[in-house]
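Here the structure comes first, spelled out in structure tokens, and everything after it is commentary.
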Amino acid sequence: MAAVGQKIPHDSALGHVTGEALYVDDIPFAKNELIVEFFGSPIAHGKILSLDLSAASQVEGVVGLYTYQDVPGHNKFGPIFVDEYFLVEEVCDYVGQPIVVIAAETRKAASEAKKRIQVEVEEWEPVFSVKQALEKEQFLGPKRQIKRGDVEQAFQEAECILEGTFYNNGQEQFYLESQAALAYPGEHNEITIHSSTQNPTEIQAVVSEVLGTGHHEVISICRRMGGAFGGKETQAAIPAGMAALVAFLTKRPGRVIYTKDDDMKVTGKRHPYESHYKVAFTKEGMLTAVQFDFYSNGGATADLSTSVLERTMLHSDNAYYIPHVEINAVVCKTNLPPNTAFRGFGGPQGMAVIENVMEEIAIYLKKDAYDLRRANCYGMGKNNVAPYGEIVKDHVLPEIFTQLAETSEYKKRYADIQAFNAKSRTHLKGIAMTPVKFGISFTTKFLNQGNALVNVYTDGTVQVSTGGTEMGQGLNTKIRQVVADEFGIDWHQVKLMTTSTEKNNNASPTAASAGTDLNGMAAVDGCRKIREGMAEFGSRHFESFEDGIEATPSCIRFEEGYVFDERLPDNKLAFPEFVKIAYRNRVNLGARGFYKTPGVDFNRDTGKGNPFFYYTTGGAVAEVLIDRFTGDLKIEQCDLLMDIGESINPGIDMGQLIGGFIQGVGWVTSEELRYQDNGTLLSYSPTTYKIPNIQDVPKVFNVATIENPHHQINVRRSKAVGEPPLMLCLAVWAAVKNALSYVTQDEIPKLGLPATNEEILKRLTQYSTTGSHPGFGLVEREIPIVPSPNANGAKDDAVKAA
């Protein structure tokens, strides 16, 4: 039986349950290993006047205290712009920014040394919000634009126009395993580093730059991560640099494991946005023009913010054809930790704005938002060109709308909710259906490549090494299945090896939902190179079985654990037996595979091109129930429908669909980052930062996939499934907005993101008191700020900084 398409277990499932699956901090301590800690900036913005390490150096067990002056190589790095300091030199840019690396024999000694470090600073006025950054004209990277048609003319001729401002807050990745790294010194300045990272190649590069060595002197290894969600694509570099610096300078292993509190305080998150929109549409609800101005909060340095912003721009159309478009965007520089990648990588922020727009148009026109979304949906053959010029092809978006409306009984429930809201004085209901069209590929062309090393052993087993990293998403399991089928063997005979830069060089990060696409195709390429040699030998070997049979490699089959010539089906050799014979005849049983995604090319200067290989699409219907007196939100029912192509592993893919959606529900309903007015994060633990729990799961939860006969590309005709389901969460947020529209009379309710219970209650109170409000979609908050305990002057419980 073929392995692909089967629900085989995740390769770490048993290890997760028994505790045998090793993470960085599970690696046994070496005899002379050092604990690595760091001392961070006490302020969000300012200048270091003096730094006194004398008291800290006297703590028993402290081996070293290192500042930027002890860095042997470069103290500045960055994945796109080289603008981030490994250790602060003079100016502090965010609270917790590393200043001193501490090496100690014990955690207790490291902690005590951290307390005794004395720093004198000159505090400068910090910037935390997009509004403040715009006032000071603080930006990271260039301003960008994507434009199509004549927007100005379209607005002049518009039948209807709406405009407003939409705010979304950030989101903490909340991976269970915090940032972690363990570095071992070797001969001749060699460093081997185990890092919890999505990007071993970048760890190798940053460590070598910090230490002043060559890339060839650093080996970066990642067995697995305890979650990442984008938060370990670049942010693992600083802890890895700390461990490596200690190992390099002391010639002893160094281990750094962030506490959950420190991790949440000093690492970047999903970007908050302030988004201005103006939309033109007909009285029937057809979109004619949009103008979007996106301002993201990038934090103190660029990190991946410009690429995140680019994907926001590329997904601000979501699944809708818009004739005239102008999208402007820029990253704002603030004094928060550098914001970074998070599942969806900017796509959710762009889609949230257009879905807010679609809800507002429906409320304005007094129509069902489903009908407007369906009418504006991308088509096949017409109305199928994205604003950046790529043809949206081989999709089933119209079919998703139709099928999901039928299976969820959307129209009936919509009518039932109208009747319920007309009668109930204690509760409100809302319903919405939103689509997703998520482009698959890195938008930076050179990252769309992967390599793999495939080795077949004489007992018929196979080892595979790729540059992809396993963070729980099932990448290794899927590649295992694909490789097994390439050789026609059982998946138990295939093992995915630990990711290492020693075996797979210059690998792209496991991100952009492209892990299986890139690494799976590279593994297939390696397998086929081996099979080609095997088939050449096999054709000659089986030729001897019968006279008149000409050696023909294309007739050799690898099926059901056997190798045979299709013309001689009775003369089969078990795969292990055939491999032994091939080896004795000096057939190469190892190969390096390589893959580069075809047809992707996007010009950032013109805003035109084909940034994506294909699109993963889907839709969701969400029904919510709101308590009018408390704002308490319950998700009554959700129906998800996704086109994920031909699933390599339906069990793993179902887990990704459900998990991604629920993580998105947290972003749009409950997860709120709150800061003191000095830039210190307040919501840095599960007690103050609310991720979804079992009670937040919909009472009725239906998840299904839809067949797509048009999709004929990619590894085994599969589609990426890691990120797209997250954005289906917007149906929940839109359902809340739909519910609020029943109490605002003829006005359009304004609602920020996340729609927490407090936010909902605030809106209900506002509308029950005034019955109306100024403007459309304007939410007077951005980064939630709570005054510091020692702040001067009387302040309310919370100040919303806009």
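FYI, nothing fancy with the structure tokens labels: chains A, B, ... in order, residues from 1 per chain, ligands from 1 as they appear.
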Which residues are near range 276-283 of chain A? Cut-off 7 Å, only C-alpha atoms, ignore same chain within fewer than 5 positions. Put them as a list in words.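 My reading of the contact set: Phe155, Ala158, Glu159, Cys160, Ile161, Leu162, Glu163, Gly164, Thr165, Phe166, Thr288, Ala289, Val290, Gln291, Phe292, Asp293 and Phe294 of chain A.
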Can I get the residues of range 282-328 of chain A within 10 Å of range 355-371 of chain A, each with the closest pair of atoms and their distance in Å to one decimal, using only C-alpha atoms, sorted chain first then ascending number, as CSV?
residue,atom,partner,partner_atom,distance
A:Thr282,CA,A:Leu365,CA,9.7
A:Lys283,CA,A:Leu365,CA,7.1
A:Glu284,CA,A:Leu365,CA,7.9
A:Gly285,CA,A:Ile361,CA,6.9
A:Met286,CA,A:Ile361,CA,9.5
A:Leu287,CA,A:Met358,CA,9.2
A:Val290,CA,A:Val357,CA,9.7
A:Ser316,CA,A:Glu355,CA,9.1
A:Asp317,CA,A:Glu355,CA,9.2
A:Asn318,CA,A:Glu355,CA,8.2
A:Ala319,CA,A:Glu355,CA,9.8
A:Tyr320,CA,A:Met358,CA,9.9
Go ahead and save the picked residues with N, CA, C and O atoms, as a PDB file, in the first residue's frame.
ATOM      1  N   THR A 282     -20.620  49.703  -5.782  1.00  0.00           N
ATOM      2  CA  THR A 282     -21.915  50.012  -6.368  1.00  0.00           C
ATOM      3  C   THR A 282     -23.024  49.795  -5.351  1.00  0.00           C
ATOM      4  O   THR A 282     -22.799  49.220  -4.272  1.00  0.00           O
ATOM      5  N   LYS A 283     -24.239  50.207  -5.701  1.00  0.00           N
ATOM      6  CA  LYS A 283     -25.380  50.008  -4.814  1.00  0.00           C
ATOM      7  C   LYS A 283     -25.736  48.528  -4.678  1.00  0.00           C
ATOM      8  O   LYS A 283     -26.447  48.139  -3.755  1.00  0.00           O
ATOM      9  N   GLU A 284     -25.209  47.730  -5.604  1.00  0.00           N
ATOM     10  CA  GLU A 284     -25.416  46.280  -5.511  1.00  0.00           C
ATOM     11  C   GLU A 284     -24.324  45.607  -4.679  1.00  0.00           C
ATOM     12  O   GLU A 284     -24.379  44.405  -4.424  1.00  0.00           O
ATOM     13  N   GLY A 285     -23.315  46.383  -4.307  1.00  0.00           N
ATOM     14  CA  GLY A 285     -22.263  45.834  -3.468  1.00  0.00           C
ATOM     15  C   GLY A 285     -21.028  45.338  -4.203  1.00  0.00           C
ATOM     16  O   GLY A 285     -20.182  44.660  -3.603  1.00  0.00           O
ATOM     17  N   MET A 286     -20.883  45.682  -5.478  1.00  0.00           N
ATOM     18  CA  MET A 286     -19.700  45.273  -6.221  1.00  0.00           C
ATOM     19  C   MET A 286     -18.561  46.264  -5.985  1.00  0.00           C
ATOM     20  O   MET A 286     -18.739  47.482  -6.129  1.00  0.00           O
ATOM     21  N   LEU A 287     -17.401  45.737  -5.607  1.00  0.00           N
ATOM     22  CA  LEU A 287     -16.229  46.577  -5.380  1.00  0.00           C
ATOM     23  C   LEU A 287     -15.745  47.184  -6.692  1.00  0.00           C
ATOM     24  O   LEU A 287     -15.637  46.490  -7.705  1.00  0.00           O
ATOM     25  N   VAL A 290     -10.317  50.309  -4.204  1.00  0.00           N
ATOM     26  CA  VAL A 290      -9.900  50.416  -2.805  1.00  0.00           C
ATOM     27  C   VAL A 290      -8.577  51.166  -2.733  1.00  0.00           C
ATOM     28  O   VAL A 290      -7.754  51.105  -3.649  1.00  0.00           O
ATOM     29  N   SER A 316      -4.042  41.762   0.740  1.00  0.00           N
ATOM     30  CA  SER A 316      -5.096  42.699   1.139  1.00  0.00           C
ATOM     31  C   SER A 316      -6.326  42.605   0.241  1.00  0.00           C
ATOM     32  O   SER A 316      -7.370  43.171   0.564  1.00  0.00           O
ATOM     33  N   ASP A 317      -6.218  41.888  -0.871  1.00  0.00           N
ATOM     34  CA  ASP A 317      -7.394  41.613  -1.706  1.00  0.00           C
ATOM     35  C   ASP A 317      -8.150  40.386  -1.209  1.00  0.00           C
ATOM     36  O   ASP A 317      -9.307  40.183  -1.559  1.00  0.00           O
ATOM     37  N   ASN A 318      -7.466  39.559  -0.409  1.00  0.00           N
ATOM     38  CA  ASN A 318      -7.952  38.249   0.002  1.00  0.00           C
ATOM     39  C   ASN A 318      -8.486  37.496  -1.219  1.00  0.00           C
ATOM     40  O   ASN A 318      -7.723  37.229  -2.137  1.00  0.00           O
ATOM     41  N   ALA A 319      -9.770  37.190  -1.256  1.00  0.00           N
ATOM     42  CA  ALA A 319     -10.302  36.371  -2.343  1.00  0.00           C
ATOM     43  C   ALA A 319     -11.168  37.171  -3.305  1.00  0.00           C
ATOM     44  O   ALA A 319     -11.983  36.600  -4.027  1.00  0.00           O
ATOM     45  N   TYR A 320     -10.971  38.500  -3.341  1.00  0.00           N
ATOM     46  CA  TYR A 320     -11.882  39.363  -4.088  1.00  0.00           C
ATOM     47  C   TYR A 320     -11.178  40.081  -5.246  1.00  0.00           C
ATOM     48  O   TYR A 320     -10.062  40.599  -5.093  1.00  0.00           O
TER      49      TYR A 320
END
Selection near Glu177 in chain A, 8 Å with only C-alpha atoms, sequence-local residues under 3 positions removed, as a PyMOL selection string: chain A and resi 180+225-227
Shortest interatomic distance to Gln173 in chain A - which of A:Val100, A:Leu14, A:Ile691, A:Val36, counting only C-alpha atoms: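 The shortest atom-to-atom distance to Gln173 in chain A comes from A:Ile691.
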Residue contacts of range 625-628 of chain A (6 Å, only C-alpha atoms) excluding same-chain residues fewer than 4 positions away, as a PyMOL selection string: chain A and resi 426-429+632-634
Convert the current residue selection to file output with all heavy atoms, as a compact mmCIF listing (two decimals), in the first residue's frame.
# COMPACT_ATOMS: atom_id res chain seq x y z
N THR A 426 -31.30 39.55 26.23
CA THR A 426 -30.12 39.20 27.03
C THR A 426 -28.92 38.81 26.19
O THR A 426 -27.78 38.91 26.65
CB THR A 426 -30.45 38.03 27.97
OG1 THR A 426 -30.83 36.88 27.18
CG2 THR A 426 -31.56 38.40 28.93
N HIS A 427 -29.15 38.37 24.97
CA HIS A 427 -28.05 37.90 24.14
C HIS A 427 -28.17 38.39 22.70
O HIS A 427 -29.26 38.76 22.25
CB HIS A 427 -27.98 36.36 24.14
CG HIS A 427 -27.55 35.80 25.45
ND1 HIS A 427 -28.41 35.66 26.53
CD2 HIS A 427 -26.34 35.33 25.87
CE1 HIS A 427 -27.75 35.13 27.55
NE2 HIS A 427 -26.50 34.93 27.18
N LEU A 428 -27.05 38.36 22.02
CA LEU A 428 -26.99 38.67 20.59
C LEU A 428 -26.31 37.51 19.88
O LEU A 428 -25.42 36.86 20.43
CB LEU A 428 -26.16 39.93 20.34
CG LEU A 428 -26.77 41.30 20.55
CD1 LEU A 428 -25.66 42.35 20.42
CD2 LEU A 428 -27.87 41.55 19.52
N LYS A 429 -26.73 37.29 18.65
CA LYS A 429 -26.04 36.32 17.81
C LYS A 429 -25.53 37.01 16.54
O LYS A 429 -26.09 38.01 16.08
CB LYS A 429 -26.97 35.15 17.44
CG LYS A 429 -27.18 34.14 18.55
CD LYS A 429 -27.93 32.92 18.05
CE LYS A 429 -28.04 31.86 19.14
NZ LYS A 429 -28.71 30.61 18.64
N ASP A 632 -19.52 38.65 27.21
CA ASP A 632 -18.96 37.30 27.10
C ASP A 632 -19.26 36.72 25.72
O ASP A 632 -20.41 36.74 25.26
CB ASP A 632 -19.55 36.40 28.19
CG ASP A 632 -18.93 35.02 28.17
OD1 ASP A 632 -17.70 34.93 28.23
OD2 ASP A 632 -19.71 34.04 28.09
N LEU A 633 -18.23 36.18 25.09
CA LEU A 633 -18.34 35.66 23.73
C LEU A 633 -18.23 34.15 23.72
O LEU A 633 -17.29 33.59 24.28
CB LEU A 633 -17.23 36.27 22.85
CG LEU A 633 -17.08 35.69 21.43
CD1 LEU A 633 -18.30 36.03 20.59
CD2 LEU A 633 -15.81 36.24 20.79
N LYS A 634 -19.16 33.49 23.09
CA LYS A 634 -19.11 32.05 22.88
C LYS A 634 -19.23 31.77 21.38
O LYS A 634 -20.03 32.39 20.68
CB LYS A 634 -20.27 31.34 23.61
CG LYS A 634 -20.25 31.50 25.12
CD LYS A 634 -19.04 30.82 25.75
CE LYS A 634 -19.09 30.91 27.27
NZ LYS A 634 -17.84 30.38 27.88
Between A:Asp459, A:Glu152, A:Glu202, A:Glu112, which one has atoms that come closest to Gly78 in chain A, using only C-alpha atoms? A:Glu202
Based on DSSP run over this structure's backbone, return all residues of range 148-312 of chain A in strand (DSSP E or B), as number ranges by chain. A: 148, 160-168, 171, 180-185, 191-195, 218-222, 254-257, 270, 273-281, 287-299
Kindly save the residues from that selection, with C-alpha atoms included, as a CSV table (one decimal), in the first residue's frame.
chain,number,residue,atom,x,y,z
A,148,ARG,CA,-3.6,49.0,-10.6
A,160,CYS,CA,-20.9,54.6,-2.7
A,161,ILE,CA,-17.8,55.3,-0.6
A,162,LEU,CA,-16.8,54.2,2.9
A,163,GLU,CA,-13.6,55.0,4.6
A,164,GLY,CA,-12.0,54.6,8.1
A,165,THR,CA,-9.2,53.3,10.1
A,166,PHE,CA,-8.7,49.7,11.4
A,167,TYR,CA,-6.4,48.7,14.2
A,168,ASN,CA,-5.2,45.2,15.0
A,171,GLN,CA,0.1,38.3,19.0
A,180,ALA,CA,17.1,27.6,23.6
A,181,ALA,CA,20.7,27.0,22.4
A,182,LEU,CA,23.6,24.8,23.5
A,183,ALA,CA,27.1,25.4,22.0
A,184,TYR,CA,30.1,23.1,22.2
A,185,PRO,CA,33.6,24.2,21.4
A,191,ILE,CA,31.6,25.5,17.2
A,192,THR,CA,28.8,23.0,17.2
A,193,ILE,CA,25.5,24.5,18.2
A,194,HIS,CA,22.2,22.9,19.0
A,195,SER,CA,19.5,25.5,18.5
A,218,VAL,CA,30.2,26.4,12.6
A,219,ILE,CA,27.8,23.4,12.6
A,220,SER,CA,24.2,24.3,13.4
A,221,ILE,CA,21.9,21.5,14.4
A,222,CYS,CA,18.1,21.3,15.1
A,254,GLY,CA,27.4,27.0,27.1
A,255,ARG,CA,23.7,26.5,27.5
A,256,VAL,CA,21.1,29.3,27.3
A,257,ILE,CA,17.4,28.6,28.0
A,270,ARG,CA,3.0,39.5,15.3
A,273,TYR,CA,-1.1,47.6,12.4
A,274,GLU,CA,-2.8,50.8,11.8
A,275,SER,CA,-4.6,50.6,8.5
A,276,HIS,CA,-6.5,53.3,6.7
A,277,TYR,CA,-9.0,52.3,4.0
A,278,LYS,CA,-11.2,53.9,1.5
A,279,VAL,CA,-13.5,51.8,-0.7
A,280,ALA,CA,-15.8,52.5,-3.6
A,281,PHE,CA,-18.6,50.2,-4.5
A,287,LEU,CA,-16.2,46.6,-5.4
A,288,THR,CA,-14.9,49.1,-7.8
A,289,ALA,CA,-11.9,50.6,-6.0
A,290,VAL,CA,-9.9,50.4,-2.8
A,291,GLN,CA,-7.1,52.5,-1.3
A,292,PHE,CA,-5.2,50.9,1.6
A,293,ASP,CA,-2.5,52.6,3.6
A,294,PHE,CA,-0.8,50.1,5.9
A,295,TYR,CA,1.4,51.1,8.8
A,296,SER,CA,3.0,48.3,10.7
A,297,ASN,CA,4.7,48.5,14.1
A,298,GLY,CA,8.1,47.0,13.4
A,299,GLY,CA,9.6,47.5,16.7
